[in-house]
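J.: Structure incoming, see below.
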Amino acid sequence: MKRPPPAWIAVAVYVLALLAGAQVRVATAEQQQPAALGGAVPTPAPFPSPVATAQGAASPAPRAVPTAPTGRRLAAFAVVARRIAFYSNRYVMEADGDVAITLGDGTRITGKTFFYDLRLNRFVIAGGVRLAAAGREIDGAAFAEYFDFDRAYFVPVLSQPDRWTFASGDYAHPLFGREQPGDTFFLPDLSGERVFLYARRAVVDPHQSVRFTPASIDLGPVYVPFPSYFLSYSPNEYFAQNALPGAFVDGPLDFAGGEHGLATAHVRYDSVDHVFPALELHQVGENHYLVVAANTLTRPLKTYNLEAYDRITPGLQFTAFLQETAFGHGFSQPLSATAFASYQMTAALPHSFLQLGDVQYYQSLLARPSTMSGGTYYYGDPSHNFVPDHPNTVSLTWVGFRHPLNGLPISFQLRSSFGATDDSLTPLQTLGGVTYTKEYYKSVGINLTTKTFTLLADRSGRHRELYFTGTVDKQRQYFSLPHHVDTTIATVSLTKVFNPQVTLLTNYSNVNTGDFYGAQQVLAYPPGASYFDFYTGKTLILSPGFRGFGTTRSFAQSLVWTPSQVFTSLITMRENRDFPKPLPGALQLVGDGLGFVNYGASPEQLDLDVRYRFTRVLVIDVERSYFFNFGGFERWTPQFSVQVEK
């Protein structure tokens with residue numbers, strides 16, 4: 001069997017491609033000279049004399065004269081100043097003191113104060129302005145550039161007041177008497193806004209990115225200096241894809257990129273590896289993205305993730321997720337390596353879609369070692385044993401769109417699937433002395449959902465209504481091993497909005513599950529099954545009445561309090577009634593934290609969640625749960641779950 005290449009090879013290839021392909025967009029604009037960019041620029045006619053300009057006559061339409069290519073002229077531009085401040089709440093960049101701007105075609109503008117709105121893609125520079133273009137220099141009071149409209153506006157210092165308009169970068173032939181936008185030289189009021197970073201130099205690629213050097217970044221109580229900071233604000237939504245696993249704290253720093261790529265270094269923290277670095281790389285296009293991530297770069301246990309998406313046609317798309325987990329020192333050959341791969345092809349059909357999926361598991365990517373102990377091969381030491389299993393699952397799923405039900409306030413959605421699971425080395429299940437290494441399954445399901453009903457209307461117009469919704473989901477799944485599983489979930493919800501800061505949600509759900517084996521029910525679910533609880537040191541017997549059928553009834557109430565845009569708290573009280581009776585479980589690692597993993601749902605559970613946005617891009621999230629002494633020892637979860645997210 002041919003095994004896939006290690007993920008570090010894919011990472012290396014991607015890094016080389018990124019570095020080779022992204023340099024054009026981030027070329028330092030202040031170093032570009034007209035003669036070095038596609039040949040010499042034709043010498044334009046000089047500026048009109050102040051006497052002719054003062055007459056105020058309207059200019060005719062622009063004449064066809066040679067100008068710099070638009071692509072170069074409107075490309076990345078540079079800003080240098082004593083102080084550059086970036087306000088992330090407003091996406092506005094401000095510069096003060098000896099401001100110098102160099103456009104992509106070499107045009108240079110200097111002044112005292114500068115503002116650039118990244119979203120509107122326009123800038124204003126004012127105070128002692130000097131425009132150097134078309135082989136001439138002229139003083140002015142203010143200059144504004146509207147990149148999206150390819151228009152520039154200038155207030156020259158002349159004997160009489162005047163305003164000039166430049167079209168398509170033709171600075172040699174100003175247009176006189178043209179009407180200009182009312183907010184052409186508007187300077188935003190940034191009082192009360194917190195500065196996200198300070199810098200001395202910035203290179204702006206309009207609608208794509210800004211590189212600040214050197215940068216002092218707001219990390220809460222202090223500003224921390226960095227050699228540079230790369231800000232990507234591309235409208236391409238695929239830059240938001242994340243391939244890194246979860247962590248308590250994640251500090252990202254974008255350090256390279258362009259219109260189609262982004263490289264981000266991360267400093268992370270979790271309860272297992274503590275502080276460690278990670279790397280994430282993006283390559284995006286209009287219809288596709290590729291994200292590669294390497295986690296815990298300085299620890300023996302490393303994880304490499306790859307996510308890919310391609311919209312092949314408007315009705316056909318492909319997604320993939322690949323993960324390799326390797327244990328080894330540095331980036332040499334690891335002592336062990338496993339992999340997981342998931343592929344999906346989705347095709348649009350009339351009022352539905354069809355999805356083909358393939359899930360592959362590689363328990364050991366490395367070749368079988370020569371060392372053996374107790375009949376088991378291992379790498380390095382017996383803790384890294386060789387497992388040759390390669391289970392895989394292939395499925396074909398059809399999902400219909402949601403449709404109304406005969407004019408009723410209820411909609412329905414149908415689904416079905418067919419699949420097969422195979423593991424030729426280790427049996428999937430043994431029942432009645434028969435081993436099954438391959439199993440086929442098929443399923444059908446339906447979901448019914450009501451529309452949102454307003455039970456109590458708020459006549460005051462303050463939107464403090466009481467809302468009701470309900471859903472019922474039913475599924476039956478058949479297996480080639482003779483049994484089938486029925487699952488029914490019924491849920492009703494009430495939502496009460498008291499004011500914009502306080503919302504109360506209540507939810508009642510009933511979950512019924514039945515695993516039907518017929519005459520072999522006792523063989524599949526033998527009585528007296530037990531497990532050893534390492535937390536209590538006791539052997540616990542599973543409920544003797546459990547034969548594969550269970551019911552969980554849950555009633556939950558949640559209070560959401562949002563006193564401001566930066567603070568949110570969520571309190572949830574959940575009451576569960578299980579049949580058969582639930583049993584307390586051992587303390588286990590759940591995600592990045594420790595928690596109780598029970599057999600069934602605990603009778604009562606209180607969840608607390610607080611989120612605080614302490615900068616424009618960083619949010620701290622603190623969670624903890626209480627289990628009301630379930631089993632005589634389950635009280636608070638052993639620790640707070642704390643995450644710092646971007």
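Residue numbering restarts at 1 for every chain of the structure tokens, chains are lettered A, B, ... in their displayed order, and ligands are numbered from 1 as they appear.
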Excluding region 140-146 of chain A and residues on its chain fewer than 3 positions from it, collect all residues at most 6 Å away from it, counting only C-alpha atoms, and give them as a PyMOL selection string.
T.: chain A and resi 122-130+149-157
J.: Report as a PyMOL selection string all protein, DNA and RNA residues lying within 10 Å of Pro391 (chain A), evaluated on only C-alpha atoms, omitting residues in the same chain fewer than 3 positions from it.
T.: chain A and resi 359-363+388+421-426+428+437-438
J.: Would you list, as a ChimeraX atom specification, the residues of region 349-482 of chain A that end up in strand (DSSP E) under DSSP run on this structure's backbone?
T.: /A:349,352-362,372-373,376-377,392-400,403-404,410-422,429-431,434-436,438-450,453-456,466-479
J.: If we count only C-alpha atoms and set the cut-off at 8 Å, which residues sit around Leu335 (chain A), ignoring sequence neighbours fewer than 6 positions away in its own chain? Please answer as a VMD selection string.
T.: chain A and resid 326 to 328 379 to 380 384
J.: So, counting only C-alpha atoms, which residue among A:Arg211, A:Arg136, A:Gly106, A:Pro584 is closest to His173 (chain A)?
T.: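 Result for the nearest residue to His173 (chain A): A:Arg136.
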J.: Please list as a list in words every residue within 12 Å of Gly375 (chain A), counting only C-alpha atoms and excluding residues in the same chain fewer than 4 positions away.
T.: Ser370, Thr371, Pro382, Asn385 and Phe386 of chain A
J.: Output N, CA and C atoms of each residue in that selection to a file, as a compact mmCIF listing (two decimals), in the first residue's frame.
T.:
# COMPACT_ATOMS: atom_id res chain seq x y z
N SER A 370 12.02 -3.03 12.83
CA SER A 370 12.60 -4.36 13.01
C SER A 370 12.58 -4.82 14.45
N THR A 371 12.45 -3.89 15.40
CA THR A 371 12.46 -4.25 16.81
C THR A 371 11.07 -4.69 17.26
N PRO A 382 8.93 0.69 23.44
CA PRO A 382 7.61 0.05 23.31
C PRO A 382 6.43 1.00 23.39
N ASN A 385 4.36 1.95 19.54
CA ASN A 385 4.15 0.66 18.89
C ASN A 385 3.67 0.84 17.45
N PHE A 386 3.89 -0.17 16.66
CA PHE A 386 3.51 -0.18 15.25
C PHE A 386 2.11 -0.78 15.11
